[in-house]
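**Student:** Below: one structure in structure tokens.
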Amino acid sequence: MNPVLLHLYPANYRRAFGDEIAQSYGEATEGAGRRARFHEATDIVTHALRLRLGVSSARRGGQFFAAIAPFALAATAAYAAFNLIGTAADWYVMDTGSVGPLLTLMNVCYLLTLIGAVTALAGRHLLGVLGSLTGAVGSSLAFLFPVWPMPADLHWHLVGFLVAPVLIGALPLLCPPDLRPAPRVRTTAGTVSLAVWAVLLVAAVTVIDPLGIGLLLPWRLGIPTAAALFLVGRRSFARIRTTGRLAGAAAPFIASLYFSGFAQNDDVLSALAALAVTAVVLRLHRRTRSNSVNPA
């Protein structure tokens, strides 16, 4: 085992469990191929990162990220689908015949992000999250090429636009493995079918609304969001039981609305106010319920 992997762990944890981790890694990768070794190394890296950030399954941080991870994946899938619909509709209407290499690269990254997020929601968590995160990083880097010649003072205004999808895509990595939602689809064929369904949904919205009428009524983002939330499932919604979890689950969608152009600063403030009111109502409801169950 590469000693660099062990040094990713906090020193106290490494001294206590380093030999056990190295032994488990050796047993898991003995005679295995590159794919299995990469998977095990990725598990170790993410586990060490969670320990350093204090987000293990035994702590509140780990339970918090486990609760909001499916919603971050749903927002990632919806935002990628929205961008795919926009670029595909432009090509469909203009009928340019050929697409430039930069736009092609961005579309490939959006497609990878969409398929990765759907795969993670289906149950192949680590593989899907790594795929969606790779796509998000790729699309942000590709967008830098046309942005870079712009005046320097405009670069800072685009930092949030470029960084937010990457941060949202990385959030599910902080979900402890033992707290991941149960797989929605248990077969490879089912996962592939779900990914194909997601791509067909993008194609259908593109063909139905090629002229962008949906930009006035935001169904280009609304339909993918509704479909992604359907994949999240009721169990994930049931885990949103606290004010912090509600805010954490809603934040990726507010960011997607903002950076897709459907929400302005005032709208974001209104959404935050609505979240605050909802949080107060939930707190009062829990307090009333506890008092009725355990009357003083």
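In the structure tokens, chains take the letters A, B, ... in the order shown, each chain's residues start at 1, and ligands count up from 1 in the order shown.
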Per DSSP on the backbone, what are the helix (DSSP H, G or I) residues of range 104-285 of chain A, as a PyMOL selection string?
**Tutor:** chain A and resi 104-122+125-147+152-174+177-179+188-208+213-215+219-232+234-238+243-259+265-285
**Student:** Point out the residue among A:Ala36, A:Ala67, A:Leu112, A:Ala203 with the least atom-to-atom distance to Leu179 in chain A, counting only C-alpha atoms.
**Tutor:**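 The closest residue to Leu179 in chain A is A:Ala67.
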**Student:** Given the choices A:Ile68, A:Leu144, A:Ala78, A:Leu167, which gets closest to Pro224 in chain A if the distance is worked out from only C-alpha atoms?
**Tutor:**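 Under the stated criterion, the closest residue is A:Ala78.
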**Student:** Can you work out the spacing between CA of Leu141 in chain A and CA of Leu102 in chain A in Å, to one decimal?
**Tutor:**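 About the pair CA of Leu141 in chain A and CA of Leu102 in chain A: they are 10.5 Å apart.
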**Student:** Would you kindly return, as a list in words, each protein, DNA or RNA residue with an atom no farther than 10 Å from any atom of Val55 in chain A, considering only C-alpha atoms and excluding same-chain residues fewer than 4 positions away?
**Tutor:**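 Residues meeting the cut-off are His47, Leu49, Arg50, Leu51, Arg59, Arg60, Gly61, Gly62, Gln63, Phe64, Phe65, Ala66, Leu174, Cys175 and Pro176 of chain A.
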**Student:** Which residues are near Thr87 in chain A? Cut-off 10 Å, only C-alpha atoms, ignore same chain within fewer than 4 positions. Put them as a PyMOL selection string.
**Tutor:** chain A and resi 82-83+91-92+103-104+106-107+206
**Student:** How about saving the chosen residues, all heavy atoms kept, as a PDB file, in the first residue's frame?
**Tutor:**
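Writing the result to selection_39.pdb gives the following:
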```pdb
ATOM      1  N   PHE A  82     -30.261  21.163 -17.850  1.00  0.00           N
ATOM      2  CA  PHE A  82     -30.643  22.504 -18.315  1.00  0.00           C
ATOM      3  C   PHE A  82     -29.624  23.043 -19.322  1.00  0.00           C
ATOM      4  O   PHE A  82     -29.993  23.584 -20.376  1.00  0.00           O
ATOM      5  CB  PHE A  82     -30.759  23.442 -17.117  1.00  0.00           C
ATOM      6  CG  PHE A  82     -30.835  24.895 -17.468  1.00  0.00           C
ATOM      7  CD1 PHE A  82     -32.010  25.454 -17.929  1.00  0.00           C
ATOM      8  CD2 PHE A  82     -29.718  25.720 -17.337  1.00  0.00           C
ATOM      9  CE1 PHE A  82     -32.076  26.799 -18.271  1.00  0.00           C
ATOM     10  CE2 PHE A  82     -29.773  27.056 -17.662  1.00  0.00           C
ATOM     11  CZ  PHE A  82     -30.956  27.606 -18.135  1.00  0.00           C
ATOM     12  N   ASN A  83     -28.354  22.912 -19.011  1.00  0.00           N
ATOM     13  CA  ASN A  83     -27.312  23.397 -19.924  1.00  0.00           C
ATOM     14  C   ASN A  83     -27.287  22.596 -21.224  1.00  0.00           C
ATOM     15  O   ASN A  83     -27.086  23.155 -22.313  1.00  0.00           O
ATOM     16  CB  ASN A  83     -25.950  23.326 -19.241  1.00  0.00           C
ATOM     17  CG  ASN A  83     -25.760  24.418 -18.212  1.00  0.00           C
ATOM     18  OD1 ASN A  83     -25.951  25.588 -18.482  1.00  0.00           O
ATOM     19  ND2 ASN A  83     -25.379  24.038 -17.002  1.00  0.00           N
ATOM     20  N   TRP A  91     -28.337  24.395 -31.336  1.00  0.00           N
ATOM     21  CA  TRP A  91     -27.874  23.645 -32.501  1.00  0.00           C
ATOM     22  C   TRP A  91     -29.056  23.184 -33.347  1.00  0.00           C
ATOM     23  O   TRP A  91     -29.021  23.249 -34.582  1.00  0.00           O
ATOM     24  CB  TRP A  91     -27.062  22.446 -32.035  1.00  0.00           C
ATOM     25  CG  TRP A  91     -26.686  21.508 -33.152  1.00  0.00           C
ATOM     26  CD1 TRP A  91     -25.638  21.638 -34.018  1.00  0.00           C
ATOM     27  CD2 TRP A  91     -27.366  20.297 -33.524  1.00  0.00           C
ATOM     28  NE1 TRP A  91     -25.619  20.588 -34.906  1.00  0.00           N
ATOM     29  CE2 TRP A  91     -26.665  19.761 -34.630  1.00  0.00           C
ATOM     30  CE3 TRP A  91     -28.481  19.634 -33.021  1.00  0.00           C
ATOM     31  CZ2 TRP A  91     -27.072  18.562 -35.237  1.00  0.00           C
ATOM     32  CZ3 TRP A  91     -28.887  18.458 -33.632  1.00  0.00           C
ATOM     33  CH2 TRP A  91     -28.185  17.927 -34.728  1.00  0.00           C
ATOM     34  N   TYR A  92     -30.139  22.762 -32.689  1.00  0.00           N
ATOM     35  CA  TYR A  92     -31.321  22.245 -33.390  1.00  0.00           C
ATOM     36  C   TYR A  92     -32.000  23.341 -34.207  1.00  0.00           C
ATOM     37  O   TYR A  92     -32.432  23.133 -35.341  1.00  0.00           O
ATOM     38  CB  TYR A  92     -32.286  21.662 -32.357  1.00  0.00           C
ATOM     39  CG  TYR A  92     -33.546  21.053 -32.934  1.00  0.00           C
ATOM     40  CD1 TYR A  92     -33.520  19.818 -33.546  1.00  0.00           C
ATOM     41  CD2 TYR A  92     -34.772  21.725 -32.828  1.00  0.00           C
ATOM     42  CE1 TYR A  92     -34.678  19.254 -34.063  1.00  0.00           C
ATOM     43  CE2 TYR A  92     -35.928  21.175 -33.337  1.00  0.00           C
ATOM     44  CZ  TYR A  92     -35.878  19.932 -33.955  1.00  0.00           C
ATOM     45  OH  TYR A  92     -37.019  19.382 -34.461  1.00  0.00           O
ATOM     46  N   LEU A 103     -17.483  23.890 -27.720  1.00  0.00           N
ATOM     47  CA  LEU A 103     -18.872  23.592 -27.373  1.00  0.00           C
ATOM     48  C   LEU A 103     -19.098  22.092 -27.262  1.00  0.00           C
ATOM     49  O   LEU A 103     -19.846  21.626 -26.394  1.00  0.00           O
ATOM     50  CB  LEU A 103     -19.810  24.193 -28.421  1.00  0.00           C
ATOM     51  CG  LEU A 103     -21.316  24.103 -28.113  1.00  0.00           C
ATOM     52  CD1 LEU A 103     -21.631  24.789 -26.789  1.00  0.00           C
ATOM     53  CD2 LEU A 103     -22.131  24.716 -29.249  1.00  0.00           C
ATOM     54  N   THR A 104     -18.433  21.341 -28.126  1.00  0.00           N
ATOM     55  CA  THR A 104     -18.531  19.880 -28.044  1.00  0.00           C
ATOM     56  C   THR A 104     -17.989  19.371 -26.713  1.00  0.00           C
ATOM     57  O   THR A 104     -18.590  18.505 -26.064  1.00  0.00           O
ATOM     58  CB  THR A 104     -17.760  19.228 -29.204  1.00  0.00           C
ATOM     59  OG1 THR A 104     -18.305  19.672 -30.443  1.00  0.00           O
ATOM     60  CG2 THR A 104     -17.837  17.714 -29.128  1.00  0.00           C
ATOM     61  N   MET A 106     -17.790  21.028 -23.894  1.00  0.00           N
ATOM     62  CA  MET A 106     -18.696  21.419 -22.822  1.00  0.00           C
ATOM     63  C   MET A 106     -19.919  20.500 -22.788  1.00  0.00           C
ATOM     64  O   MET A 106     -20.367  20.086 -21.714  1.00  0.00           O
ATOM     65  CB  MET A 106     -19.121  22.877 -22.994  1.00  0.00           C
ATOM     66  CG  MET A 106     -17.987  23.874 -22.798  1.00  0.00           C
ATOM     67  SD  MET A 106     -18.490  25.589 -22.986  1.00  0.00           S
ATOM     68  CE  MET A 106     -19.527  25.777 -21.537  1.00  0.00           C
ATOM     69  N   ASN A 107     -20.451  20.158 -23.963  1.00  0.00           N
ATOM     70  CA  ASN A 107     -21.612  19.273 -24.002  1.00  0.00           C
ATOM     71  C   ASN A 107     -21.277  17.875 -23.492  1.00  0.00           C
ATOM     72  O   ASN A 107     -22.079  17.242 -22.800  1.00  0.00           O
ATOM     73  CB  ASN A 107     -22.167  19.189 -25.423  1.00  0.00           C
ATOM     74  CG  ASN A 107     -22.945  20.429 -25.819  1.00  0.00           C
ATOM     75  OD1 ASN A 107     -23.463  21.135 -24.966  1.00  0.00           O
ATOM     76  ND2 ASN A 107     -23.010  20.701 -27.110  1.00  0.00           N
ATOM     77  N   THR A 206     -35.830  19.369 -25.547  1.00  0.00           N
ATOM     78  CA  THR A 206     -35.188  20.153 -26.611  1.00  0.00           C
ATOM     79  C   THR A 206     -36.079  20.235 -27.844  1.00  0.00           C
ATOM     80  O   THR A 206     -36.261  21.303 -28.436  1.00  0.00           O
ATOM     81  CB  THR A 206     -33.842  19.522 -26.984  1.00  0.00           C
ATOM     82  OG1 THR A 206     -32.999  19.485 -25.827  1.00  0.00           O
ATOM     83  CG2 THR A 206     -33.155  20.315 -28.083  1.00  0.00           C
TER      84      THR A 206
END
```
**Student:** Which polymer residues have any atom within 12 Å of an atom of range 33-35 of chain A, counting only C-alpha atoms, with same-chain residues fewer than 6 positions away left out, as a PyMOL selection string?
**Tutor:** chain A and resi 41-42+127
**Student:** Next, dump the selected residues to file, keeping only N, CA, C and O atoms, as a PDB file, in the first residue's frame.
**Tutor:**
```pdb
ATOM      1  N   ALA A  41      -8.492   2.749  -3.482  1.00  0.00           N
ATOM      2  CA  ALA A  41      -7.732   3.954  -3.155  1.00  0.00           C
ATOM      3  C   ALA A  41      -8.665   5.156  -3.011  1.00  0.00           C
ATOM      4  O   ALA A  41      -8.484   5.996  -2.114  1.00  0.00           O
ATOM      5  N   THR A  42      -9.683   5.231  -3.864  1.00  0.00           N
ATOM      6  CA  THR A  42     -10.651   6.328  -3.768  1.00  0.00           C
ATOM      7  C   THR A  42     -11.423   6.262  -2.461  1.00  0.00           C
ATOM      8  O   THR A  42     -11.672   7.287  -1.819  1.00  0.00           O
ATOM      9  N   LEU A 127     -19.063   5.747  -7.982  1.00  0.00           N
ATOM     10  CA  LEU A 127     -18.801   5.834  -9.418  1.00  0.00           C
ATOM     11  C   LEU A 127     -19.548   7.022 -10.020  1.00  0.00           C
ATOM     12  O   LEU A 127     -18.991   7.796 -10.807  1.00  0.00           O
TER      13      LEU A 127
END
```
**Student:** From the list A:Ala72, A:Ala16, A:Ala88, A:Val4, which residue is nearest Ile44 in chain A when using only C-alpha atoms?
**Tutor:**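 Between A:Ala72, A:Ala16, A:Ala88, A:Val4, the residue approaching Ile44 in chain A most closely is A:Val4.
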**Student:** Applying 10 Å and only C-alpha atoms, which residues near Gly123 in chain A remain after dropping the ones on its own chain fewer than 5 positions away? List them as a PDB file with C-alpha atoms, in the first residue's frame.
**Tutor:**
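Once everything was written out, this is selection.pdb:
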```
ATOM      1  CA  VAL A 118     -28.274   9.852 -12.278  1.00  0.00           C
ATOM      2  CA  GLY A 128     -21.620   8.250 -10.208  1.00  0.00           C
ATOM      3  CA  ARG A 180     -25.716   6.282   1.785  1.00  0.00           C
ATOM      4  CA  PRO A 181     -29.324   5.790   0.626  1.00  0.00           C
ATOM      5  CA  ALA A 182     -30.349   2.281  -0.361  1.00  0.00           C
ATOM      6  CA  PRO A 183     -29.925   1.661  -4.107  1.00  0.00           C
ATOM      7  CA  ARG A 184     -32.988   2.591  -6.127  1.00  0.00           C
ATOM      8  CA  VAL A 185     -31.896   0.270  -8.957  1.00  0.00           C
ATOM      9  CA  ARG A 186     -30.011  -2.942  -8.179  1.00  0.00           C
ATOM     10  CA  THR A 187     -28.956  -4.104 -11.652  1.00  0.00           C
ATOM     11  CA  THR A 191     -28.896   1.802 -14.127  1.00  0.00           C
TER      12      THR A 191
END
```
**Student:** CA of Ala170 in chain A to CA of Leu133 in chain A: how many Å, to one decimal?
**Tutor:**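 So the two atoms, CA of Ala170 in chain A and CA of Leu133 in chain A, lie 6.1 Å apart.
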**Student:** Could you give me, as an NGL selection string, the residues within 12 Å of Ala271 in chain A, counting only C-alpha atoms and dropping anything in the same chain fewer than 5 positions from it?
**Tutor:** :A and (247 or 250-251 or 253-255 or 257-258 or 263-266 or 276-278)
